[in-house]
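What follows is the content of target_33.txt (compact mmCIF, C-alpha atoms and all ligand atoms).
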# COMPACT_ATOMS: atom_id res chain seq x y z
CA MET A 1 12.96 -10.86 3.69
CA LEU A 2 16.44 -12.32 3.26
CA ILE A 3 19.82 -10.68 3.58
CA GLN A 4 22.21 -11.04 0.70
CA ARG A 5 25.50 -9.46 -0.23
CA PRO A 6 25.52 -7.30 -3.34
CA GLN A 7 27.70 -8.44 -6.21
CA ASP A 8 30.83 -6.47 -6.91
CA ILE A 9 30.59 -4.24 -9.91
CA ALA A 10 33.00 -3.52 -12.68
CA PRO A 11 34.10 0.11 -13.20
CA SER A 12 32.57 -0.09 -16.70
CA GLU A 13 29.16 -0.43 -15.10
CA ILE A 14 29.18 2.91 -13.34
CA THR A 15 28.99 5.13 -16.39
CA THR A 16 25.56 6.53 -15.59
CA GLU A 17 26.62 7.26 -12.04
CA ALA A 18 29.71 9.13 -13.26
CA LEU A 19 27.56 11.10 -15.66
CA TYR A 20 25.24 11.90 -12.78
CA HIS A 21 28.06 13.31 -10.68
CA GLY A 22 29.19 15.39 -13.65
CA ARG A 23 25.69 16.64 -14.31
CA ARG A 24 25.07 17.34 -10.66
CA SER A 25 28.16 19.50 -10.31
CA PHE A 26 27.21 21.21 -13.56
CA ILE A 27 23.76 22.02 -12.20
CA GLN A 28 25.29 23.30 -8.98
CA ARG A 29 27.78 25.44 -10.87
CA ALA A 30 24.92 26.86 -12.89
CA GLY A 31 24.05 28.68 -9.69
CA SER A 32 20.37 29.26 -10.15
CA LEU A 33 18.43 26.57 -8.41
CA ALA A 34 15.33 27.51 -10.30
CA LEU A 35 13.72 24.73 -12.22
CA LEU A 36 15.43 24.02 -15.45
CA GLY A 37 12.06 23.34 -17.01
CA SER A 38 10.23 20.05 -17.02
CA SER A 39 11.14 17.85 -19.91
CA GLY A 40 9.46 14.75 -21.27
CA LEU A 41 10.36 13.23 -17.90
CA LEU A 42 9.32 9.61 -18.00
CA ALA A 43 9.69 6.95 -20.64
CA ASP A 44 6.90 4.48 -21.29
CA THR A 45 9.33 1.60 -21.32
CA ALA A 46 11.59 0.24 -18.65
CA LEU A 47 14.55 2.36 -19.70
CA ALA A 48 15.57 5.21 -17.47
CA ALA A 49 15.36 8.64 -19.08
CA PRO A 50 17.27 11.72 -17.92
CA LEU A 51 15.37 14.07 -15.62
CA THR A 52 16.32 17.69 -16.02
CA GLY A 53 13.65 19.67 -14.24
CA PHE A 54 14.77 19.32 -10.64
CA ARG A 55 16.52 21.40 -8.04
CA PRO A 56 19.61 19.77 -6.56
CA GLY A 57 19.20 18.92 -2.89
CA ALA A 58 21.77 19.65 -0.22
CA PRO A 59 24.52 17.02 -0.16
CA LEU A 60 24.98 15.06 3.06
CA PRO A 61 28.65 15.55 3.98
CA ALA A 62 29.28 12.18 5.60
CA ASP A 63 27.02 10.06 3.45
CA LYS A 64 28.23 9.10 0.02
CA PRO A 65 25.46 7.90 -2.30
CA THR A 66 25.38 4.15 -2.82
CA ARG A 67 26.46 2.96 -6.24
CA LEU A 68 23.73 3.10 -8.86
CA LYS A 69 24.42 -0.50 -9.75
CA ASP A 70 23.65 -1.59 -6.19
CA ILE A 71 20.53 0.57 -5.89
CA THR A 72 19.13 -0.93 -9.09
CA SER A 73 20.14 -4.55 -8.62
CA TYR A 74 19.55 -5.23 -4.91
CA ASN A 75 15.82 -4.74 -4.48
CA ASN A 76 12.73 -5.82 -2.63
CA TYR A 77 9.75 -5.84 -4.98
CA TYR A 78 7.85 -9.03 -4.27
CA GLU A 79 5.50 -8.62 -7.24
CA PHE A 80 8.60 -9.44 -9.29
CA GLY A 81 10.10 -12.17 -7.12
CA LEU A 82 11.43 -12.74 -3.64
CA ASP A 83 15.18 -12.66 -4.29
CA LYS A 84 17.07 -9.39 -4.28
CA ASP A 85 18.29 -9.79 -7.85
CA GLU A 86 14.94 -10.88 -9.31
CA PRO A 87 13.19 -7.50 -9.76
CA ALA A 88 16.09 -6.22 -11.88
CA ARG A 89 15.73 -9.30 -14.07
CA THR A 90 11.94 -9.61 -14.28
CA ALA A 91 10.49 -6.09 -13.91
CA GLY A 92 12.02 -4.61 -17.06
CA ALA A 93 8.84 -4.80 -19.14
CA LEU A 94 6.64 -2.98 -16.63
CA LYS A 95 4.51 -0.53 -18.58
CA THR A 96 4.76 2.85 -16.90
CA ARG A 97 2.77 4.84 -19.48
CA PRO A 98 -0.05 5.72 -19.43
CA TRP A 99 -0.09 5.87 -15.61
CA THR A 100 -2.80 7.31 -13.42
CA VAL A 101 -2.68 8.08 -9.71
CA THR A 102 -6.09 8.44 -8.11
CA VAL A 103 -6.34 10.50 -4.94
CA GLU A 104 -9.69 10.12 -3.20
CA GLY A 105 -11.50 9.63 0.09
CA LEU A 106 -11.99 12.34 2.69
CA CYS A 107 -11.08 15.35 0.57
CA ASN A 108 -12.95 18.16 -1.17
CA LYS A 109 -11.43 17.62 -4.60
CA PRO A 110 -10.86 13.90 -5.28
CA ARG A 111 -9.12 13.49 -8.58
CA SER A 112 -7.27 11.15 -10.89
CA PHE A 113 -3.99 12.53 -12.15
CA ALA A 114 -2.31 11.43 -15.33
CA LEU A 115 1.27 11.19 -14.17
CA ASP A 116 2.60 13.69 -16.70
CA ASP A 117 0.02 16.24 -15.53
CA LEU A 118 0.95 15.60 -11.92
CA LEU A 119 4.59 16.25 -12.67
CA LYS A 120 3.71 19.62 -14.16
CA LEU A 121 1.93 20.57 -10.93
CA ALA A 122 4.69 19.49 -8.57
CA PRO A 123 8.22 20.91 -9.02
CA LEU A 124 10.85 18.20 -8.72
CA GLU A 125 13.69 18.26 -6.22
CA GLU A 126 16.60 15.99 -5.47
CA ARG A 127 16.67 14.53 -1.95
CA ILE A 128 19.68 12.50 -0.89
CA TYR A 129 18.27 10.24 1.83
CA ARG A 130 19.67 7.54 4.03
CA MET A 131 17.43 4.49 3.61
CA ARG A 132 17.36 1.66 6.17
CA CYS A 133 15.76 -1.71 5.45
CA VAL A 134 14.22 -3.71 8.29
CA GLU A 135 16.48 -6.58 7.20
CA GLY A 136 19.54 -4.71 8.46
CA TRP A 137 21.08 -3.15 5.35
CA SER A 138 21.05 0.47 4.29
CA MET A 139 21.78 2.67 1.29
CA VAL A 140 22.07 6.37 0.52
CA ILE A 141 19.87 7.24 -2.44
CA PRO A 142 19.75 10.48 -4.43
CA TRP A 143 16.02 10.48 -5.11
CA VAL A 144 14.26 12.91 -7.40
CA GLY A 145 10.69 13.64 -6.41
CA PHE A 146 8.31 16.06 -4.79
CA PRO A 147 6.76 16.38 -1.34
CA LEU A 148 3.67 14.21 -0.91
CA SER A 149 2.13 17.25 0.80
CA SER A 150 2.08 19.12 -2.56
CA LEU A 151 -0.19 16.43 -3.98
CA LEU A 152 -2.40 16.12 -0.91
CA LYS A 153 -2.95 19.87 -0.75
CA LEU A 154 -4.30 19.79 -4.31
CA VAL A 155 -7.21 17.56 -3.22
CA GLU A 156 -7.91 19.51 -0.01
CA PRO A 157 -8.07 16.92 2.81
CA GLN A 158 -11.10 17.24 5.08
CA GLY A 159 -10.83 17.60 8.86
CA SER A 160 -11.97 14.00 9.38
CA ALA A 161 -9.00 12.61 7.39
CA LYS A 162 -6.46 11.16 9.83
CA PHE A 163 -4.57 8.62 7.73
CA VAL A 164 -3.36 8.16 4.17
CA ALA A 165 -3.53 4.72 2.51
CA PHE A 166 -1.46 3.77 -0.54
CA SER A 167 -2.25 0.97 -3.01
CA THR A 168 0.11 -0.14 -5.71
CA LEU A 169 -0.25 -1.83 -9.09
CA ALA A 170 -1.27 -5.49 -8.97
CA ASP A 171 -1.32 -6.73 -12.55
CA ARG A 172 -0.98 -10.48 -12.96
CA ALA A 173 -0.16 -10.08 -16.63
CA GLN A 174 2.96 -8.09 -15.82
CA MET A 175 3.93 -9.24 -12.33
CA PRO A 176 4.93 -12.89 -11.99
CA GLY A 177 5.25 -12.62 -8.20
CA LEU A 178 1.50 -12.15 -7.78
CA GLN A 179 1.05 -15.87 -8.34
CA ARG A 180 2.48 -16.43 -4.88
CA PRO A 181 0.23 -15.45 -1.97
CA VAL A 182 3.17 -14.15 0.11
CA LEU A 183 1.40 -10.83 0.69
CA ASN A 184 -2.19 -9.73 0.43
CA TRP A 185 -2.05 -8.13 -3.03
CA PRO A 186 -2.14 -5.33 -3.95
CA TYR A 187 0.74 -4.16 -1.76
CA THR A 188 -0.63 -1.53 0.58
CA GLU A 189 0.96 0.94 2.99
CA GLY A 190 -0.21 3.76 5.20
CA LEU A 191 0.89 6.87 7.04
CA ARG A 192 -0.73 9.09 9.63
CA LEU A 193 -1.77 12.34 7.94
CA ASP A 194 0.86 14.40 9.78
CA GLU A 195 3.57 11.95 8.70
CA ALA A 196 2.31 12.16 5.13
CA LEU A 197 2.39 15.96 5.22
CA HIS A 198 5.89 16.11 6.75
CA PRO A 199 8.32 17.88 4.39
CA LEU A 200 10.73 14.90 4.37
CA THR A 201 8.04 12.60 2.92
CA ILE A 202 8.25 12.51 -0.85
CA LEU A 203 6.87 10.74 -3.86
CA ALA A 204 9.91 9.80 -5.92
CA VAL A 205 9.90 9.55 -9.71
CA GLY A 206 13.64 9.23 -10.23
CA LEU A 207 17.06 8.60 -8.76
CA TYR A 208 20.57 9.55 -9.78
CA GLY A 209 19.03 12.17 -12.06
CA GLU A 210 17.07 9.67 -14.14
CA THR A 211 13.58 8.25 -14.07
CA LEU A 212 13.07 5.27 -11.78
CA LEU A 213 13.69 1.84 -13.17
CA PRO A 214 10.82 -0.61 -12.55
CA GLN A 215 12.73 -2.48 -9.84
CA ASN A 216 12.88 0.74 -7.80
CA GLY A 217 9.16 1.42 -8.09
CA ALA A 218 8.62 3.16 -11.43
CA PRO A 219 6.98 5.35 -12.28
CA ILE A 220 6.15 6.73 -8.80
CA ARG A 221 6.80 5.49 -5.26
CA LEU A 222 6.68 6.62 -1.68
CA VAL A 223 9.88 7.52 0.22
CA VAL A 224 9.79 8.09 4.00
CA PRO A 225 13.43 8.22 5.14
CA TRP A 226 12.90 7.82 8.90
CA LYS A 227 10.93 4.59 8.48
CA TYR A 228 12.02 1.11 7.42
CA GLY A 229 12.17 0.72 3.66
CA PHE A 230 9.03 -1.38 3.37
CA LYS A 231 6.95 1.76 3.98
CA GLY A 232 8.09 2.92 0.54
CA ALA A 233 5.26 1.52 -1.58
CA LYS A 234 6.34 1.12 -5.21
CA SER A 235 4.36 1.82 -8.39
CA ILE A 236 1.52 3.63 -6.63
CA VAL A 237 -1.88 3.82 -8.33
CA ARG A 238 -4.21 4.92 -5.53
CA ILE A 239 -3.96 7.22 -2.51
CA ARG A 240 -6.89 7.44 -0.09
CA LEU A 241 -7.52 9.88 2.75
CA ILE A 242 -9.30 7.99 5.50
CA GLU A 243 -10.32 8.27 9.13
CA ALA A 244 -9.15 4.91 10.56
CA MET A 245 -5.65 3.42 10.52
CA PRO A 246 -5.42 1.36 7.31
CA ALA A 247 -4.30 -2.25 6.97
CA THR A 248 -0.82 -2.49 5.48
CA ALA A 249 0.72 -5.38 3.55
CA TRP A 250 3.51 -6.29 5.97
CA ASN A 251 1.54 -5.62 9.13
CA THR A 252 -1.25 -7.88 7.84
CA ALA A 253 1.21 -10.62 6.86
CA ALA A 254 3.21 -10.60 10.13
CA PRO A 255 1.79 -8.22 12.77
CA GLN A 256 4.31 -9.30 15.43
CA GLU A 257 7.20 -8.40 13.16
CA TYR A 258 6.11 -5.30 11.25
CA GLY A 259 4.16 -2.58 13.01
CA PHE A 260 2.16 0.20 11.41
CA TYR A 261 4.62 2.94 12.40
CA SER A 262 7.82 1.14 11.41
CA ASN A 263 10.03 3.99 12.55
CA VAL A 264 13.71 3.05 12.42
CA ASN A 265 14.41 2.31 16.07
CA PRO A 266 17.63 0.59 17.21
CA ASP A 267 15.98 -0.07 20.61
CA VAL A 268 13.20 -2.21 19.19
CA ASP A 269 14.55 -5.46 17.86
CA HIS A 270 12.80 -7.36 15.15
CA PRO A 271 11.63 -10.58 16.87
CA ARG A 272 14.16 -12.57 14.85
CA TRP A 273 17.16 -10.20 14.81
CA SER A 274 18.65 -7.07 16.34
CA GLN A 275 18.05 -3.65 14.83
CA ALA A 276 21.00 -2.03 16.64
CA THR A 277 23.35 -2.01 13.66
CA GLU A 278 23.19 -2.01 9.89
CA ARG A 279 25.40 -2.77 6.94
CA ARG A 280 25.62 0.05 4.44
CA ILE A 281 25.66 -1.59 1.02
CA GLY A 282 29.15 -1.13 -0.41
CA GLU A 283 30.81 -0.98 3.02
CA PHE A 284 32.40 -3.87 4.86
CA SER A 285 31.92 -3.13 8.54
CA LYS A 286 28.64 -2.47 10.25
CA ARG A 287 27.55 0.90 11.57
CA LYS A 288 25.22 1.80 14.41
CA THR A 289 21.63 2.40 13.46
CA LEU A 290 20.41 5.82 14.51
CA PRO A 291 16.96 6.56 15.98
CA PHE A 292 14.61 7.62 13.19
CA ASN A 293 17.45 6.71 10.82
CA GLY A 294 19.25 9.94 11.77
CA TYR A 295 16.25 12.21 11.14
CA ALA A 296 15.19 12.51 14.81
CA GLU A 297 15.70 16.26 14.86
CA GLN A 298 13.17 16.67 12.07
CA VAL A 299 10.58 14.04 12.99
CA ALA A 300 10.78 12.99 16.67
CA ALA A 301 8.17 15.61 17.62
CA LEU A 302 5.58 13.72 15.57
CA TYR A 303 5.67 10.99 18.21
CA THR A 304 5.75 12.99 21.44
CA GLY A 305 3.96 11.09 24.19
CA MET A 306 3.87 7.80 22.29
CA ASP A 307 5.50 4.64 23.60
CA LEU A 308 7.58 3.72 20.56
CA LYS A 309 8.27 0.22 21.87
CA LYS A 310 4.55 -0.44 21.83
CA HIS A 311 3.85 1.52 18.66
CA PHE A 312 6.73 0.01 16.68
N1 LIG A 401 6.47 -1.94 -2.89
C1 LIG A 401 5.84 -2.94 -3.53
N2 LIG A 401 4.81 -2.62 -4.34
N3 LIG A 401 6.20 -4.24 -3.38
C2 LIG A 401 7.22 -4.61 -2.55
O1 LIG A 401 7.52 -5.81 -2.43
N4 LIG A 401 8.94 -3.86 -0.97
C3 LIG A 401 9.22 -2.87 0.05
C4 LIG A 401 9.26 -1.44 -0.51
N5 LIG A 401 8.16 -1.22 -1.42
C5 LIG A 401 7.91 -3.58 -1.84
C6 LIG A 401 7.50 -2.24 -2.06
C7 LIG A 401 10.46 -3.15 0.75
S1 LIG A 401 10.44 -4.52 1.78
C8 LIG A 401 11.57 -2.37 0.63
S2 LIG A 401 12.94 -2.63 1.63
C9 LIG A 401 11.64 -1.29 -0.35
O2 LIG A 401 10.49 -1.24 -1.19
C10 LIG A 401 12.87 -1.50 -1.23
O3 LIG A 401 13.03 -0.45 -2.14
P1 LIG A 401 14.29 -0.48 -3.13
O4 LIG A 401 14.31 -1.83 -3.79
O5 LIG A 401 14.08 0.62 -4.10
O6 LIG A 401 15.51 -0.27 -2.27

Using the file provided, produce a representation of the structure as C-alpha cells.
Amino acid sequence: MLIQRPQDIAPSEITTEALYHGRRSFIQRAGSLALLGSSGLLADTALAAPLTGFRPGAPLPADKPTRLKDITSYNNYYEFGLDKDEPARTAGALKTRPWTVTVEGLCNKPRSFALDDLLKLAPLEERIYRMRCVEGWSMVIPWVGFPLSSLLKLVEPQGSAKFVAFSTLADRAQMPGLQRPVLNWPYTEGLRLDEALHPLTILAVGLYGETLLPQNGAPIRLVVPWKYGFKGAKSIVRIRLIEAMPATAWNTAAPQEYGFYSNVNPDVDHPRWSQATERRIGEFSKRKTLPFNGYAEQVAALYTGMDLKKHF
C-alpha cells in the first residue's frame, strides 16, 4: 500500500458534488425523513445513477465530506491495479448487473439475494463516516447503504455463529489485477458477529447520493468506520456465518502488519510507520488519529477486556 497525493481538481469537475449538496438540502427541507420510495437504484454499467430512496443521515459538524473527485479517483482496489489512480481507469467496465449476494453458513434461512430484491428489503440511509486508511490518509464519505444487521437478521444466524466472512468478486475476465498474486484471491474479510451486527456497520451501495462507481466497490461493499479501510471489502458476492475466525486477505498476506481486528488505534504503530496521525485528503496539515477513528463512544465496549495491542 503506497501513499500518494491526490491530484488537484478543477471546479468544473465538482458538478455532481454540487448537485448532491443541493439535493441533500432539498431532501432535508422536505422535512419528512420517510423513504422517498426506492427507484431503479443501480445501473448495470459503470455509470453512477442517482439514488433517491434514502433517508439523509445526521451531518457531522466538524467533518466536511471529501470531494467526490478524490473519493472516486484515489482508491485501493487491487483487482484493478496497485496504484491509487488505476481503479478509476480500469474498473469502469465492471458488470454490476445481474448481481447476487449469497448469505449462507450457520443460519436457519440461507439465501441468495438478487441485489435489486435485497434493496427492496433494506431501507437505505445516508451515513457520513470518517474513513481512515492504514496507510495514513483519511476521507469523510457520505455513504448510502443499510445496516449489515438488517441482512443478517433475514437469514436468522444460529447460536453457533461467531464470525462473519466476506468474499468478493474474483473474475479474471474483468479484473486485470488478478493476474498478479499480490493477495490470495478472492479478496476476503471478516468480522466478529457482534461487530457485524453493530448499528454503525453498513453495506454501502452508493455515495454522494449516487450508486457506487466500480472503483469504490460497486455494486455493494462493506463499510466499518472504526476499522482501517481495508476491512471494507468491495464488490461482495458471498457472506458466510461461521464459528471460527476466518482468514482475511491482508492478514494472510502480511500477518505482522495487518491483524484481524484492524481497529483504528493511534497507539499501535504499523511495523513500518506510525499510526499516530493522518492526512485528510484535501487538507494540507496532518491531524491526530483518534482511537476507533473517533467512534470509541459507540464501539469501545465491544472490546472490553481485550488487549488491543495484542489483538490489533
Ligand atoms: N476490496 C477489494 N475487493 N479489493 C481491494 O483491494 N482494498 C481495501 C478495501 N476493500 C480492497 C477492497 C483497502 S486497502 C481500502 S483502503 C479500501 O477498500 C479503499 O476503499 P476506497 O477506495 O473506496 O476508499

Margin query: At a cut-off of 9 Å and counting only C-alpha atoms and all ligand atoms, what residues surround ligand LIG 401 (chain A)? Please answer as a PyMOL selection string.
Written below: chain A and resi 1+71-82+84+87+131-135+137-139+141+167-170+183+185-189+215-217+221-223+228-236+249-250

Contact table range 157-235 of chain A vs range 299-305 of chain A, cut-off 10 Å, shortest pair per residue, all atoms listed in the file, as a tab-separated table:
residue	atom	partner	partner_atom	distance
A:Arg192	CA	A:Leu302	CA	9.8
A:Asp194	CA	A:Leu302	CA	7.5
A:Glu195	CA	A:Leu302	CA	7.4
A:His198	CA	A:Val299	CA	8.1
A:Pro199	CA	A:Val299	CA	9.7
A:Leu200	CA	A:Val299	CA	8.7
A:Trp226	CA	A:Val299	CA	7.8

As AutoDock Vina command-line options: centre and edge lengths in Å, one decimal, of the axis-aligned box holding range 200-217 of chain A with 4 Å per side:
--center_x 13.7 --center_y 6.2 --center_z -4.9 --size_x 21.7 --size_y 25.4 --size_z 26.5

Checklist line | Closest of A:Thr277, A:Thr100, A:Gln179, A:Asn251 to Asp117 in chain A - atom-to-atom distances counting only C-alpha atoms | finding: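 Of the candidates, the smallest distance to Asp117 in chain A is held by A:Thr100.
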
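Candidate residues A:Lys109, A:Lys153, A:Lys162, A:Lys288 were compared for distance to Leu121 in chain A, and the nearest is A:Lys153, using all atoms listed in the file.
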
Check: Between CA of Gly259 in chain A and CA of Glu126 in chain A, what is the distance, to one decimal in Å?
Finding: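 A separation of 29.0 Å between them.
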
Can you pull out every residue within 9 Å of Leu115 in chain A, counting all atoms listed in the file, but drop anything in the same chain fewer than 4 positions away, and send it as a PDB file with C-alpha atoms, in the coordinates of the input?
ATOM      1  CA  ARG A  97       2.770   4.840 -19.480  1.00  0.00           C
ATOM      2  CA  PRO A  98      -0.050   5.720 -19.430  1.00  0.00           C
ATOM      3  CA  TRP A  99      -0.090   5.870 -15.610  1.00  0.00           C
ATOM      4  CA  THR A 100      -2.800   7.310 -13.420  1.00  0.00           C
ATOM      5  CA  VAL A 101      -2.680   8.080  -9.710  1.00  0.00           C
ATOM      6  CA  LEU A 119       4.590  16.250 -12.670  1.00  0.00           C
ATOM      7  CA  LYS A 120       3.710  19.620 -14.160  1.00  0.00           C
ATOM      8  CA  PRO A 219       6.980   5.350 -12.280  1.00  0.00           C
ATOM      9  CA  ILE A 220       6.150   6.730  -8.800  1.00  0.00           C
TER      10      ILE A 220
END

Next item on the list: Enter the distance from CA of Tyr295 in chain A to CA of Val205 in chain A, in Å, rounded to one decimal.
Entry: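 Interatomic distance here is 22.0 Å.
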
Next item on the list: Choose the residue, out of A:Ala173, A:Leu213, A:Ile239, A:Leu148, that has the smallest atom-to-atom separation from Ala196 in chain A; count all atoms listed in the file.
Entry: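 Looking only at the distances to Ala196 in chain A, the closest residue turns out to be A:Leu148.
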
Next item on the list: Around the point (5.4, 2.5, 13.2), in the coordinates given by the file, pick out the residues reaching within 10 Å, counting all atoms listed in the file, and return them as a PyMOL selection string.
Entry: chain A and resi 190-192+227-228+231+251+258-265+303+308-312

Check: In Å, how far is it from CA of Arg172 in chain A to CA of Thr102 in chain A?
Finding: 20.2 Å

Just add N, CA and C atoms to range 220-251 of chain A and send it as a JSON list (two decimals), in the coordinates of the input.
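Wrote part.json, looks like this:
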[["chain", "number", "residue", "atom", "x", "y", "z"],
["A", 220, "ILE", "N", 6.27, 5.84, -9.97],
["A", 220, "ILE", "CA", 6.15, 6.73, -8.80],
["A", 220, "ILE", "C", 6.02, 5.91, -7.53],
["A", 221, "ARG", "N", 6.79, 6.26, -6.51],
["A", 221, "ARG", "CA", 6.80, 5.49, -5.26],
["A", 221, "ARG", "C", 6.94, 6.42, -4.06],
["A", 222, "LEU", "N", 6.58, 5.88, -2.92],
["A", 222, "LEU", "CA", 6.68, 6.62, -1.68],
["A", 222, "LEU", "C", 8.09, 6.49, -1.09],
["A", 223, "VAL", "N", 8.60, 7.57, -0.48],
["A", 223, "VAL", "CA", 9.88, 7.52, 0.22],
["A", 223, "VAL", "C", 9.72, 8.26, 1.55],
["A", 224, "VAL", "N", 9.92, 7.52, 2.65],
["A", 224, "VAL", "CA", 9.79, 8.09, 4.00],
["A", 224, "VAL", "C", 11.07, 7.75, 4.75],
["A", 225, "PRO", "N", 12.07, 8.64, 4.76],
["A", 225, "PRO", "CA", 13.43, 8.22, 5.14],
["A", 225, "PRO", "C", 13.61, 7.83, 6.60],
["A", 226, "TRP", "N", 12.71, 8.19, 7.50],
["A", 226, "TRP", "CA", 12.90, 7.82, 8.90],
["A", 226, "TRP", "C", 12.22, 6.49, 9.24],
["A", 227, "LYS", "N", 11.60, 5.87, 8.26],
["A", 227, "LYS", "CA", 10.93, 4.59, 8.48],
["A", 227, "LYS", "C", 11.64, 3.48, 7.70],
["A", 228, "TYR", "N", 11.43, 2.24, 8.14],
["A", 228, "TYR", "CA", 12.02, 1.11, 7.42],
["A", 228, "TYR", "C", 11.54, 1.11, 5.97],
["A", 229, "GLY", "N", 12.39, 0.61, 5.10],
["A", 229, "GLY", "CA", 12.17, 0.72, 3.66],
["A", 229, "GLY", "C", 10.84, 0.18, 3.17],
["A", 230, "PHE", "N", 10.26, -0.78, 3.90],
["A", 230, "PHE", "CA", 9.03, -1.38, 3.37],
["A", 230, "PHE", "C", 7.86, -0.40, 3.35],
["A", 231, "LYS", "N", 8.00, 0.73, 4.07],
["A", 231, "LYS", "CA", 6.95, 1.76, 3.98],
["A", 231, "LYS", "C", 6.89, 2.38, 2.58],
["A", 232, "GLY", "N", 7.98, 2.24, 1.83],
["A", 232, "GLY", "CA", 8.09, 2.92, 0.54],
["A", 232, "GLY", "C", 7.38, 2.19, -0.58],
["A", 233, "ALA", "N", 6.06, 2.24, -0.57],
["A", 233, "ALA", "CA", 5.26, 1.52, -1.58],
["A", 233, "ALA", "C", 5.67, 1.92, -2.99],
["A", 234, "LYS", "N", 5.86, 0.90, -3.83],
["A", 234, "LYS", "CA", 6.34, 1.12, -5.21],
["A", 234, "LYS", "C", 5.19, 1.07, -6.21],
["A", 235, "SER", "N", 5.33, 1.84, -7.28],
["A", 235, "SER", "CA", 4.36, 1.82, -8.39],
["A", 235, "SER", "C", 2.94, 2.09, -7.89],
["A", 236, "ILE", "N", 2.79, 3.26, -7.27],
["A", 236, "ILE", "CA", 1.52, 3.63, -6.63],
["A", 236, "ILE", "C", 0.45, 3.98, -7.66],
["A", 237, "VAL", "N", -0.77, 3.47, -7.45],
["A", 237, "VAL", "CA", -1.88, 3.82, -8.33],
["A", 237, "VAL", "C", -3.03, 4.52, -7.59],
["A", 238, "ARG", "N", -3.08, 4.35, -6.25],
["A", 238, "ARG", "CA", -4.21, 4.92, -5.53],
["A", 238, "ARG", "C", -3.77, 5.43, -4.16],
["A", 239, "ILE", "N", -4.25, 6.62, -3.82],
["A", 239, "ILE", "CA", -3.96, 7.22, -2.51],
["A", 239, "ILE", "C", -5.31, 7.62, -1.92],
["A", 240, "ARG", "N", -5.58, 7.15, -0.70],
["A", 240, "ARG", "CA", -6.89, 7.44, -0.09],
["A", 240, "ARG", "C", -6.72, 8.16, 1.24],
["A", 241, "LEU", "N", -7.49, 9.20, 1.45],
["A", 241, "LEU", "CA", -7.52, 9.88, 2.75],
["A", 241, "LEU", "C", -8.65, 9.25, 3.55],
["A", 242, "ILE", "N", -8.31, 8.76, 4.73],
["A", 242, "ILE", "CA", -9.30, 7.99, 5.50],
["A", 242, "ILE", "C", -9.24, 8.36, 6.97],
["A", 243, "GLU", "N", -10.23, 7.90, 7.72],
["A", 243, "GLU", "CA", -10.32, 8.27, 9.13],
["A", 243, "GLU", "C", -9.60, 7.25, 10.03],
["A", 244, "ALA", "N", -9.72, 5.96, 9.69],
["A", 244, "ALA", "CA", -9.15, 4.91, 10.56],
["A", 244, "ALA", "C", -7.82, 4.42, 10.02],
["A", 245, "MET", "N", -6.97, 3.95, 10.92],
["A", 245, "MET", "CA", -5.65, 3.42, 10.52],
["A", 245, "MET", "C", -5.84, 2.29, 9.50],
["A", 246, "PRO", "N", -5.20, 2.38, 8.34],
["A", 246, "PRO", "CA", -5.42, 1.36, 7.31],
["A", 246, "PRO", "C", -4.62, 0.09, 7.55],
["A", 247, "ALA", "N", -5.10, -1.02, 6.98],
["A", 247, "ALA", "CA", -4.30, -2.25, 6.97],
["A", 247, "ALA", "C", -3.12, -2.03, 6.03],
["A", 248, "THR", "N", -1.98, -2.60, 6.37],
["A", 248, "THR", "CA", -0.82, -2.49, 5.48],
["A", 248, "THR", "C", -0.30, -3.90, 5.18],
["A", 249, "ALA", "N", 0.36, -4.04, 4.04],
["A", 249, "ALA", "CA", 0.72, -5.38, 3.55],
["A", 249, "ALA", "C", 1.56, -6.16, 4.57],
["A", 250, "TRP", "N", 2.62, -5.54, 5.08],
["A", 250, "TRP", "CA", 3.51, -6.29, 5.97],
["A", 250, "TRP", "C", 2.91, -6.48, 7.35],
["A", 251, "ASN", "N", 2.17, -5.49, 7.83],
["A", 251, "ASN", "CA", 1.54, -5.62, 9.13],
["A", 251, "ASN", "C", 0.47, -6.72, 9.09]]
